[in-house]
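Colleague: Quick one: the structure is below, questions incoming.
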Number of protein chains: 2
Amino acid sequence: MRARETAEITARAYGAAAPELTELLGDEAEPASSLAGLAAVEASALLCVGHEPTLSRLAGLLTSRDGSGRVEMAKSGVAIIECPGAMAPGRGVLRMHLRPAELTALLDAGAPAAADPSPDLFLGTMTAYQRSAALKGALDLDLFAVIGAGAGTVPALAERCAASPRGTRILCDYLTATGFLRKDRDAYALTPDSAVFLDRASPACVAGAAEFLYAPELREAFGDVAQAVRHGGTRLAATGTVTPEHPVWVRFARAMAPLMRMPARAVVGLVEVDAAAPLRVLDVAAGHGLFGLAFAQAYPRAEVTALDWPAVLVVAHENARAAGVDGRFHTLAGSAFETPLGGPYDLVLVPNFLHHFDPATCETFLGTVGRALAPGGRVVTVEFVPDEGRVTPPHAAMFSLVMLCTTPAGDAYTFAELESMFRRAGFPRNRLRVPGPAGPQVLISQR
Amino acid sequence: MRARETAEITARAYGAAAPELTELLGDEAEPASSLAGLAAVEASALLCVGHEPTLSRLAGLLTSRDGSGRVEMAKSGVAIIECPGAMAPGRGVLRMHLRPAELTALLDAGAPAAADPSPDLFLGTMTAYQRSAALKGALDLDLFAVIGAGAGTVPALAERCAASPRGTRILCDYLTATGFLRKDRDAYALTPDSAVFLDRASPACVAGAAEFLYAPELREAFGDVAQAVRHGGTRLAATGTVTPEHPVWVRFARAMAPLMRMPARAVVGLVEVDAAAPLRVLDVAAGHGLFGLAFAQAYPRAEVTALDWPAVLVVAHENARAAGVDGRFHTLAGSAFETPLGGPYDLVLVPNFLHHFDPATCETFLGTVGRALAPGGRVVTVEFVPDEGRVTPPHAAMFSLVMLCTTPAGDAYTFAELESMFRRAGFPRNRLRVPGPAGPQVLISQR
């Protein structure tokens, strides 16, 4: 009865003819007679739904001459067996064999299914703002740290977060359903990712990045995307986040530092430097200053100058002191476009800066940078670089919309576009380096 | 060389000892001697990395006595073979066998991988509000309809959407990266899902649901989740969305109707009705009225009474006229708790209503409903019903937070909780019916 229903549902899903009913795959069937019966069916492909252990034994017989083959078809499992000639013992080649767990995971991944059209992506995306809000709520309550410190049940968590048991239970269930917590009976626990990145007791905690990623300024910028698309740029006041001395950059410098430690080290690893020689580094729009500081920490003879708005440099200076390199840390306060850059420098770091401006502005700026470089000096640009098609990799492709909504003319530039800006600014030699799949993309440019 | 590197990477990923090197799995090995060699290794589990066709032949020998077993290990494929006793021909049971495509899809799904910890879920969730905002922007610009009508390039789309080419290009790329569009060179096209559900020319279009799912009232309710968790209920004014005559319900009735047509029909299919007999239906908090109207359309002798706030009933009435059943459509204006229900009714529909209130309020209300039922009458409740663990299925589990943030005491109730409310209200017989995996869950209750 159940096998019949399954077959009917499957046939409908694939737009196939109504299933044929047969006793050949019932619990009492002998594999040899099942096989003989199936071999008589005229079809180029057969989808068999049946009982156990009949299907396992049939699969075993198809894939071994003496019928000793042992392919365990777990209940709700699936196997694909290809029979190049006739359907006979040992003639089948097992192409795929999934247990229910893998099958479910594959269906969740949406990989092989040419399923019915579904509004699920629409519904999930339209309510995605609730996911951001829930996660921000958990961080505001310090929930991950409290769980990391050992509390697990709703009463214990509610007490330590100074929250209602009802609200705590609902939020923890939501975070479990969305992958941030595990739940075992009545106790919640951190996932490995949450333990490393969201528990404030973890040295790798990046939770503070929420203060920038979910900043009121950014949410306001996404308040009316249609208007930004109509206009072709931000609808925020003045020139959005590139307005001189915009306070969001102090927020950025404080919030994003933990997230940038790893990428900053990765960038150092990409730039070949003579450790014995002096190294003069300019860090443009330094923010937290971590890119420059990573060079200062790696090379004892490096002297680093950070350029940014005065209020932002306060944060970079704090980080320099914390890194124990403030003796070799200098600052240039003001606009990157108007402040004399000084120099000459061996390295000019341009981390996550160019994407805020249009190509002409970038070119002019890079020309100025070129004149501040020592002979043999290099520009190290950290960027979100989408592929030429502009829709991959996702994090780089999607970043373009952040620039549309927060700046008048910024963009995520392709390698070809960046290379063209650099060439025109006097840098004919440009190499793109990508340390990891989701890491920063790095352009190294020489005159 | 490559096999060796693969083995080393795998060993590191699983924290295992360094791999042993052997010629037993090279291209020239005979399956029988490979098997004999492996059988001599003392280990409870062996992870073998090797060459083809050696691994396929070894898998075949393990799963068939005569070595004729044919398990095709595609390059980069994986198989799990369990050997309950000694490792010998025919002693192995094939538990799982994945081709590279399934393996990749599984890894993408994050199912079996114990990968390095990653902040990606955090980053993606923290910026998820941008996805909602981008999709809403596309709907505001009527972008899907314009693409559905044949425009595909940035200049054509920008013109017809009255938008800037730059903004149009950036938004379309974002929508491609997030799965709503396809891009082929310079032309965008609708995905199958977008064509059915987001193009206003499609009869199944549900795009209007954004007006409710992304309503200002709902976004405001999610403005400070931590506060709602601390307090244990909504921080919206008065009693949130359950404040009498709250205008969000007119918005709901207009916006959600297209999304509810399919579920409403599914509910009709779950309730056995004598088509020849009269059928008196009360539709509580009817909203768009579609659940009641679906019964009116299915059963020509059905008379349907919709109960809701006066401004909401206007919308339900429009839908009744559009469905051609307004001659059998009646209304009861006011609060579901205070308005005399009339009756007796054969069916009382309670669609997506109970979750707004605490259990005691629900029980009292269901007692009133019981007194309005004809002998043999049934209550048909449509709900988001999470499993007992409260974290699956996701859409039902996550719905609880919507209630926390928008109502004083609402919740997504488990079947056990709903059954308990109904029992206390005089309904000992309750059955849960689930028409589809993401569809509504339906409780049918009798006295």
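Numbering starts fresh at 1 for the residues of each chain in the structure tokens, the chains themselves are lettered A, B, ... in the order given, and ligands are numbered from 1 as they appear.
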Give me, as a list in words, all polymer residues having an atom no more than 6 Å from Ser445 of chain B, counting only C-alpha atoms and skipping those fewer than 3 positions away in the same chain.

Modeller: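 Neighbouring residues, sequence-local ones excluded: Arg378, Val379, Arg429 and Asn430 of chain B.
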
Colleague: Atoms to include: all heavy atoms. Write the selected residues as a PDB file, in the first residue's frame.

Modeller:
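Now in out36.pdb:
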```pdb
ATOM      1  N   ARG B 378     -17.243  19.654  13.015  1.00  0.00           N
ATOM      2  CA  ARG B 378     -15.792  19.549  13.216  1.00  0.00           C
ATOM      3  C   ARG B 378     -15.143  20.933  13.200  1.00  0.00           C
ATOM      4  O   ARG B 378     -15.630  21.847  12.532  1.00  0.00           O
ATOM      5  CB  ARG B 378     -15.165  18.701  12.103  1.00  0.00           C
ATOM      6  CG  ARG B 378     -15.434  17.208  12.248  1.00  0.00           C
ATOM      7  CD  ARG B 378     -15.206  16.479  10.947  1.00  0.00           C
ATOM      8  NE  ARG B 378     -16.212  16.827   9.952  1.00  0.00           N
ATOM      9  CZ  ARG B 378     -16.183  16.428   8.679  1.00  0.00           C
ATOM     10  NH1 ARG B 378     -15.191  15.662   8.253  1.00  0.00           N
ATOM     11  NH2 ARG B 378     -17.128  16.778   7.845  1.00  0.00           N
ATOM     12  N   VAL B 379     -14.028  21.035  13.918  1.00  0.00           N
ATOM     13  CA  VAL B 379     -13.192  22.238  13.849  1.00  0.00           C
ATOM     14  C   VAL B 379     -11.987  21.902  12.979  1.00  0.00           C
ATOM     15  O   VAL B 379     -11.326  20.871  13.177  1.00  0.00           O
ATOM     16  CB  VAL B 379     -12.723  22.685  15.249  1.00  0.00           C
ATOM     17  CG1 VAL B 379     -11.869  23.943  15.137  1.00  0.00           C
ATOM     18  CG2 VAL B 379     -13.908  22.924  16.166  1.00  0.00           C
ATOM     19  N   ARG B 429     -11.297  14.152  20.282  1.00  0.00           N
ATOM     20  CA  ARG B 429     -10.771  13.491  19.078  1.00  0.00           C
ATOM     21  C   ARG B 429     -10.081  14.503  18.169  1.00  0.00           C
ATOM     22  O   ARG B 429     -10.731  15.406  17.633  1.00  0.00           O
ATOM     23  CB  ARG B 429     -11.913  12.799  18.323  1.00  0.00           C
ATOM     24  CG  ARG B 429     -12.465  11.600  19.108  1.00  0.00           C
ATOM     25  CD  ARG B 429     -13.501  10.866  18.308  1.00  0.00           C
ATOM     26  NE  ARG B 429     -14.756  11.609  18.220  1.00  0.00           N
ATOM     27  CZ  ARG B 429     -15.697  11.357  17.331  1.00  0.00           C
ATOM     28  NH1 ARG B 429     -15.541  10.404  16.421  1.00  0.00           N
ATOM     29  NH2 ARG B 429     -16.815  12.057  17.323  1.00  0.00           N
ATOM     30  N   ASN B 430      -8.767  14.358  18.000  1.00  0.00           N
ATOM     31  CA  ASN B 430      -7.976  15.312  17.201  1.00  0.00           C
ATOM     32  C   ASN B 430      -7.023  14.552  16.287  1.00  0.00           C
ATOM     33  O   ASN B 430      -6.295  13.677  16.741  1.00  0.00           O
ATOM     34  CB  ASN B 430      -7.163  16.212  18.135  1.00  0.00           C
ATOM     35  CG  ASN B 430      -8.054  17.058  19.019  1.00  0.00           C
ATOM     36  OD1 ASN B 430      -8.582  18.061  18.589  1.00  0.00           O
ATOM     37  ND2 ASN B 430      -8.235  16.620  20.267  1.00  0.00           N
TER      38      ASN B 430
END
```

Colleague: Got a sec: who's within 12 Å of Pro247 of chain A, counting only C-alpha atoms, leaving out chain neighbours fewer than 4 positions off, as a list in words?

Modeller: Phe212, Ala215, Pro216, Glu217, Gly240, Thr241, Val242, Thr243, Arg251, Phe252, Ala253, Arg254, Gly287, Trp309, Pro310, Ala311 and Val312 of chain A

Colleague: How about saving the chosen residues, N, CA, C and O atoms kept, as a short mmCIF file (atom, residue, chain, number, x, y, z; two decimals), in the first residue's frame?

Modeller:
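Result file result.cif:
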```
data_model
loop_
_atom_site.label_atom_id
_atom_site.label_comp_id
_atom_site.auth_asym_id
_atom_site.auth_seq_id
_atom_site.Cartn_x
_atom_site.Cartn_y
_atom_site.Cartn_z
N PHE A 212 28.92 46.71 12.79
CA PHE A 212 29.06 47.37 11.49
C PHE A 212 28.10 46.77 10.46
O PHE A 212 27.38 47.50 9.78
N ALA A 215 24.76 47.87 11.17
CA ALA A 215 24.73 49.25 11.67
C ALA A 215 23.46 49.96 11.19
O ALA A 215 22.99 49.71 10.09
N PRO A 216 22.93 50.86 12.00
CA PRO A 216 21.76 51.63 11.58
C PRO A 216 21.99 52.31 10.23
O PRO A 216 21.09 52.35 9.39
N GLU A 217 23.21 52.85 10.00
CA GLU A 217 23.50 53.52 8.73
C GLU A 217 23.33 52.56 7.55
O GLU A 217 22.80 52.93 6.50
N GLY A 240 26.61 59.82 1.30
CA GLY A 240 26.53 58.53 1.98
C GLY A 240 27.74 58.29 2.86
O GLY A 240 28.26 59.22 3.48
N THR A 241 28.21 57.05 2.86
CA THR A 241 29.29 56.69 3.78
C THR A 241 30.64 57.25 3.35
O THR A 241 31.60 57.13 4.11
N VAL A 242 30.74 57.86 2.15
CA VAL A 242 32.01 58.49 1.77
C VAL A 242 32.01 59.99 2.05
O VAL A 242 32.92 60.70 1.64
N THR A 243 31.00 60.46 2.76
CA THR A 243 31.02 61.85 3.24
C THR A 243 32.22 62.01 4.20
O THR A 243 32.43 61.14 5.04
N ARG A 251 32.92 53.22 13.74
CA ARG A 251 32.19 52.00 14.01
C ARG A 251 32.84 50.82 13.26
O ARG A 251 33.05 49.74 13.82
N PHE A 252 33.14 51.06 11.98
CA PHE A 252 33.81 50.03 11.16
C PHE A 252 35.13 49.60 11.80
O PHE A 252 35.41 48.42 11.95
N ALA A 253 35.95 50.59 12.17
CA ALA A 253 37.29 50.29 12.70
C ALA A 253 37.20 49.45 13.97
O ALA A 253 37.95 48.49 14.16
N ARG A 254 36.25 49.79 14.83
CA ARG A 254 36.09 49.03 16.06
C ARG A 254 35.51 47.65 15.81
O ARG A 254 35.95 46.65 16.37
N GLY A 287 41.53 52.44 8.67
CA GLY A 287 40.47 51.93 9.56
C GLY A 287 41.08 51.41 10.84
O GLY A 287 41.84 52.12 11.53
N TRP A 309 40.65 59.32 8.70
CA TRP A 309 40.08 60.45 9.45
C TRP A 309 40.62 60.40 10.88
O TRP A 309 40.86 59.32 11.41
N PRO A 310 40.78 61.57 11.50
CA PRO A 310 41.37 61.60 12.85
C PRO A 310 40.67 60.66 13.85
O PRO A 310 41.34 59.94 14.59
N ALA A 311 39.34 60.66 13.86
CA ALA A 311 38.63 59.84 14.85
C ALA A 311 38.88 58.35 14.61
O ALA A 311 38.87 57.54 15.55
N VAL A 312 39.11 57.99 13.35
CA VAL A 312 39.37 56.57 13.03
C VAL A 312 40.77 56.18 13.46
O VAL A 312 41.01 55.07 13.96
#
```

Colleague: Excluding Thr364 of chain A and its own-chain neighbours fewer than 2 positions away, which residues fall within 12 Å of it when counting only C-alpha atoms? Please give them as JSON, numbers by chain.

Modeller: {"A": [336, 337, 338, 354, 357, 358, 359, 360, 361, 362, 366, 367, 368, 369, 370, 371, 421, 422, 423, 424, 425, 426]}

Colleague: What's around Pro263 of chain B at 9 Å? Count only C-alpha atoms, leave out sequence neighbours fewer than 4 positions away in its own chain, and write the answer as a compact mmCIF listing (two decimals) with C-alpha atoms, in the first residue's frame.

Modeller:
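File written: result15.txt
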```txt
# COMPACT_ATOMS: atom_id res chain seq x y z
CA LEU B 259 -0.09 32.56 -1.47
CA VAL B 267 -7.29 21.84 3.27
CA VAL B 268 -10.57 21.15 1.44
CA PHE B 291 -10.23 28.94 3.30
CA PRO B 435 -0.77 17.64 2.99
CA GLY B 439 2.31 23.13 3.28
CA PRO B 440 -0.04 24.01 6.11
```

Colleague: Smallest atom-to-atom distance to chain B: which of A:Leu135, A:Val382, A:Ala264, A:Ala285, using only C-alpha atoms?

Modeller: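 Using only C-alpha atoms, the shortest distance to chain B belongs to A:Leu135.
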
Colleague: Return as a PyMOL selection string the full set of residues in segment 86-273 of chain B whose backbone-based DSSP assignment is strand (DSSP E).

Modeller: chain B and resi 93-98+181-184+187-190

Colleague: Compile the contact shell of Gly69 of chain A as a PyMOL selection string: residues with an atom at most 12 Å away, counting only C-alpha atoms, same-chain residues fewer than 5 positions apart removed.

Modeller: (chain A and resi 31+55-64+89-94) or (chain B and resi 59-71+81+89-94)

Colleague: Would you output that residue set with C-alpha atoms, as an mmCIF file, in the first residue's frame?

Modeller:
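Generated output (selection_28.cif):
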```
data_model
loop_
_atom_site.group_PDB
_atom_site.id
_atom_site.type_symbol
_atom_site.label_atom_id
_atom_site.label_comp_id
_atom_site.auth_asym_id
_atom_site.auth_seq_id
_atom_site.Cartn_x
_atom_site.Cartn_y
_atom_site.Cartn_z
ATOM 1 C CA PRO A 31 15.578 -12.139 -6.370
ATOM 2 C CA LEU A 55 15.236 -4.687 -3.303
ATOM 3 C CA SER A 56 18.603 -5.193 -1.557
ATOM 4 C CA ARG A 57 18.786 -8.765 -2.812
ATOM 5 C CA LEU A 58 17.780 -7.694 -6.314
ATOM 6 C CA ALA A 59 20.480 -5.005 -6.339
ATOM 7 C CA GLY A 60 23.009 -7.570 -5.115
ATOM 8 C CA LEU A 61 22.056 -10.032 -7.839
ATOM 9 C CA LEU A 62 22.206 -7.394 -10.552
ATOM 10 C CA THR A 63 25.714 -6.385 -9.524
ATOM 11 C CA SER A 64 27.205 -9.860 -8.908
ATOM 12 C CA PRO A 89 22.846 -11.283 -12.824
ATOM 13 C CA GLY A 90 26.179 -9.471 -12.705
ATOM 14 C CA ARG A 91 25.268 -7.213 -15.628
ATOM 15 C CA GLY A 92 24.437 -4.179 -13.525
ATOM 16 C CA VAL A 93 26.941 -1.530 -12.535
ATOM 17 C CA LEU A 94 26.076 0.324 -9.368
ATOM 18 C CA ALA B 59 34.662 -2.847 -3.762
ATOM 19 C CA GLY B 60 33.141 -5.419 -6.096
ATOM 20 C CA LEU B 61 35.106 -8.253 -4.516
ATOM 21 C CA LEU B 62 34.200 -7.151 -1.009
ATOM 22 C CA THR B 63 30.506 -7.144 -1.837
ATOM 23 C CA SER B 64 30.317 -10.367 -3.892
ATOM 24 C CA ARG B 65 31.776 -13.785 -3.168
ATOM 25 C CA ASP B 66 32.989 -14.466 -6.703
ATOM 26 C CA GLY B 67 34.454 -11.006 -7.258
ATOM 27 C CA SER B 68 31.981 -10.238 -10.016
ATOM 28 C CA GLY B 69 30.449 -7.375 -8.042
ATOM 29 C CA ARG B 70 30.478 -4.184 -10.024
ATOM 30 C CA VAL B 71 30.619 -1.032 -7.952
ATOM 31 C CA ILE B 81 31.555 -0.746 2.890
ATOM 32 C CA PRO B 89 35.158 -11.574 -0.532
ATOM 33 C CA GLY B 90 31.424 -11.177 -0.189
ATOM 34 C CA ARG B 91 31.656 -10.116 3.445
ATOM 35 C CA GLY B 92 31.198 -6.441 2.779
ATOM 36 C CA VAL B 93 27.846 -4.665 2.729
ATOM 37 C CA LEU B 94 27.763 -1.517 0.660
#
```

Colleague: Quick one: everything within 8 Å of segment 158-171 of chain A, counting only C-alpha atoms, minus sequence neighbours fewer than 4 positions away in the same chain. Send it as a list in words.

Modeller: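 Returned residues: Ala134, Ala138, Leu141, Asp142, Leu143, Val146, Val154 and Leu175 of chain A; Ala228, Val229, Arg230, His231, Gly232, Gly233, Ser400, Leu401 and Leu404 of chain B.
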
Colleague: Fewer than 6 positions away in the same chain doesn't count, so skip those; otherwise give me all residues within 8 Å of segment 316-327 of chain A, counting only C-alpha atoms, as a list in words.

Modeller: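 With the cut-off at 8 Å, the set is Ala253, Ala286, Gly287, His288, Gly289, Leu290, Leu293, Ala296, Gln297 and Ala306 of chain A.
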
Colleague: Rounded to one decimal in Å, what is the spacing between atom CA of Phe427 of chain A and atom CA of Pro375 of chain A?

Modeller: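 Going from atom CA of Phe427 of chain A over to atom CA of Pro375 of chain A, I get 12.5 Å.
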
Colleague: Choose the residue, out of B:Arg431, B:His395, B:His356, B:His51, that has the smallest atom-to-atom separation from chain A; count only C-alpha atoms.

Modeller: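 Counting only C-alpha atoms, the residue closest to chain A is B:His395.
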